[in-house]
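> Below is a structure I'd like to ask you about.
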Amino acid sequence: MSKDIATRVTTGVQALAVPGQREGWQAQHRGSLLTDAQTYDALADAIQADLKARRLDGDLPWGISAAARARKRVKPLRDAAKAMRQAAKAINGTVAAYEETQPEVVLKRREDKALRKAQRKQQLGTAAHNSAQATLQRLAPADSDDGPAGAPKLLGDYFGKQQRGA
């Protein structure tokens, strides 16, 4: 990889733009990052094993101090390996995000959203109409002897005829 960063970025953007090359670019970069992570882990294992074997005067028995010292020294390598694995995951996210911004995909998503919105509005309108009709039917039943359907009523009409002081 002796290419300068501008050339690599331009090549990467061009590869993302072409659907056939997108998967190849993703596999190549993800593979190299995962290989680096495995290399860092193997190097950390070797250094940790070597440092565990080195005992110093004043160490606690059973190699506890040496093991703690070894873990402390290889932590930067472990962190680097973890960062490489996270970068490999980010490559997948980058490709997925790029695919989501393709004009055809965006157009289809917008059309689907508009269709769902129209269906939802129609369902709400139908439900509101049905609710209003049911309310009117309850308030002004057509088979009532008190008057024609839809005639205004008083609250007392719903409780029947009651006589006071009977």
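In the structure tokens, the first chain shown is A, the next is B, and so on; residue numbers restart at 1 for each chain, and ligands run from 1 in the order shown.
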Contacts of Arg55 in chain A at 12 Å or less, counting only C-alpha atoms, minus same-chain residues fewer than 5 places along, as a list in words?

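My list of contacting residues is Ala49, Asp50, Leu60, Pro61, Trp62, Gly63, Ile64, Ser65, Ala66, Ala67, Ala68, Arg69 and Ala70 of chain A.
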
> What lies within 12 Å of Ala15 in chain A using only C-alpha atoms, ignoring chain neighbours under 3 positions off, as a PyMOL selection string?

chain A and resi 8-12+18-29+95+98

> Next, write the just-selected residues to a file, as a short mmCIF file (atom, residue, chain, number, x, y, z; two decimals), in the first residue's frame, keeping N, CA and C atoms as the atom set.


```cif
data_model
loop_
_atom_site.label_atom_id
_atom_site.label_comp_id
_atom_site.auth_asym_id
_atom_site.auth_seq_id
_atom_site.Cartn_x
_atom_site.Cartn_y
_atom_site.Cartn_z
N ARG A 8 -6.18 6.34 -2.51
CA ARG A 8 -6.95 5.26 -1.88
C ARG A 8 -8.39 5.67 -1.62
N VAL A 9 -8.60 6.92 -1.20
CA VAL A 9 -9.96 7.38 -0.95
C VAL A 9 -10.75 7.44 -2.24
N THR A 10 -10.13 7.97 -3.29
CA THR A 10 -10.81 8.05 -4.59
C THR A 10 -11.17 6.67 -5.10
N THR A 11 -10.26 5.73 -4.96
CA THR A 11 -10.52 4.36 -5.39
C THR A 11 -11.66 3.75 -4.58
N GLY A 12 -11.68 4.01 -3.29
CA GLY A 12 -12.73 3.49 -2.42
C GLY A 12 -14.09 4.05 -2.76
N VAL A 18 -20.06 1.56 -7.61
CA VAL A 18 -20.40 0.48 -8.55
C VAL A 18 -20.86 -0.73 -7.74
N PRO A 19 -22.11 -1.17 -7.93
CA PRO A 19 -22.63 -2.27 -7.12
C PRO A 19 -21.80 -3.56 -7.19
N GLY A 20 -21.24 -3.88 -8.32
CA GLY A 20 -20.45 -5.11 -8.44
C GLY A 20 -19.14 -5.05 -7.67
N GLN A 21 -18.56 -3.86 -7.58
CA GLN A 21 -17.27 -3.71 -6.89
C GLN A 21 -17.45 -3.45 -5.40
N ARG A 22 -18.64 -3.07 -4.99
CA ARG A 22 -18.89 -2.71 -3.60
C ARG A 22 -18.59 -3.87 -2.65
N GLU A 23 -19.07 -5.05 -3.00
CA GLU A 23 -18.87 -6.22 -2.15
C GLU A 23 -17.39 -6.60 -2.08
N GLY A 24 -16.70 -6.49 -3.22
CA GLY A 24 -15.27 -6.79 -3.25
C GLY A 24 -14.47 -5.83 -2.38
N TRP A 25 -14.79 -4.55 -2.46
CA TRP A 25 -14.11 -3.55 -1.64
C TRP A 25 -14.36 -3.81 -0.16
N GLN A 26 -15.61 -4.14 0.15
CA GLN A 26 -15.98 -4.42 1.54
C GLN A 26 -15.22 -5.64 2.06
N ALA A 27 -15.20 -6.71 1.30
CA ALA A 27 -14.52 -7.93 1.73
C ALA A 27 -13.01 -7.71 1.88
N GLN A 28 -12.43 -6.97 0.95
CA GLN A 28 -10.99 -6.73 1.00
C GLN A 28 -10.60 -5.94 2.25
N HIS A 29 -11.28 -4.84 2.49
CA HIS A 29 -10.91 -3.99 3.63
C HIS A 29 -11.29 -4.63 4.96
N VAL A 95 -20.96 0.55 4.05
CA VAL A 95 -21.52 0.02 2.79
C VAL A 95 -23.04 0.01 2.86
N TYR A 98 -24.29 3.52 2.48
CA TYR A 98 -24.13 3.97 1.09
C TYR A 98 -25.24 3.40 0.21
#
```

> Considering only C-alpha atoms, return as a count of residues only whatever protein or nucleic-acid residues lie within 8 Å of range 31-36 of chain A, sequence-local ones (same chain, fewer than 5 positions apart) excluded.

5
